[in-house]
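Enquirer: Structure below; questions to follow.
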Amino acid sequence: MTRLNRHRAVALLALAGLFLSVYLFLYAKGFYGSLACGAGGGCDLVQGSRWAEFLGFPVAGWGVGWYLAVFVVSLISVQVRTANAGWVNKALLCLSIGGVGFTIYLTALEIFVIRAICRWCVGSALLTIAIFLLVLPEAWSVRKQTTNTLRNAD
């Protein structure tokens, strides 16, 4: 898969994650009463826990911001003028690493602290991991660019 196609896929996954996060954010802000989660009630338990906020803001709101940032940067990365800009690859790589790290933290809270699983959160985690895996090949080009920049500076 080419870099351009990977970044297009990242944009689509980020858009799906954005919709998912907006849905959970609207629930967190009280715009509707219950989540469509199916049997078990794990979603309501997770979303109603004290861990549903991070630094005083709903986790889903952080998700909205993260997915929006990934979406915008990935759209920038598929434009002809910015397709080879090094900052775009670095930004996507940093965003995806941060997303995976936060996802691991939140999933650990669900499993070990809250002891409930939210299906929407699992969906978001899978989207985040897929984005990371699509961006991961860029790590080599970022590393190569950084190494060449350091060599040229000497």
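If you're wondering about the labels, chains in the structure tokens are A, B, ... by order shown, residues count from 1 in each chain, ligands from 1 in order shown.
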Report as a Markdown table the residues of segment 100-133 of chain A within 10 Å of segment 89-94 of chain A, each with its shortest atom pair and distance in Å (one decimal), using only C-alpha atoms, ordered by chain and increasing residue number.

Expert:
```
| residue | atom | partner | partner_atom | distance |
| --- | --- | --- | --- | --- |
| A:Ile131 | CA | A:Leu92 | CA | 9.2 |
| A:Phe132 | CA | A:Leu93 | CA | 7.5 |
| A:Leu133 | CA | A:Leu93 | CA | 10.0 |
```

Enquirer: Point out the residue among A:Ala9, A:Ala116, A:Val122, A:Leu134 with the least atom-to-atom distance to Gly42 of chain A, counting only C-alpha atoms.

Expert: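 Closest to Gly42 of chain A of all the choices is A:Ala116.
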
Enquirer: In Å, how far is it from atom CA of Leu26 of chain A to atom CA of Arg8 of chain A?

Expert: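 It comes out at 27.1 Å.
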
Enquirer: Just the alpha helix (DSSP H) stuff from chain A, please, per backbone DSSP, written as JSON, numbers by chain.

Expert: {"A": [3, 4, 5, 6, 7, 8, 9, 10, 11, 12, 13, 14, 15, 16, 17, 18, 19, 20, 21, 22, 23, 24, 25, 26, 27, 28, 42, 43, 44, 45, 46, 47, 59, 60, 61, 62, 63, 64, 65, 66, 67, 68, 69, 70, 71, 72, 73, 74, 75, 76, 77, 86, 87, 88, 89, 90, 91, 92, 93, 94, 95, 96, 97, 98, 99, 100, 101, 102, 103, 104, 105, 106, 107, 108, 119, 120, 121, 122, 123, 124, 125, 126, 127, 128, 129, 130, 131, 132, 133, 134, 135, 137, 138, 139, 140, 141, 142, 143, 144, 145, 146, 147, 148, 149, 150, 151, 152, 153]}

Enquirer: How many Å lie between atom CA of Phe25 of chain A and atom CA of Ala60 of chain A, rounded to one decimal?

Expert: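 These atoms are spaced 4.8 Å apart.
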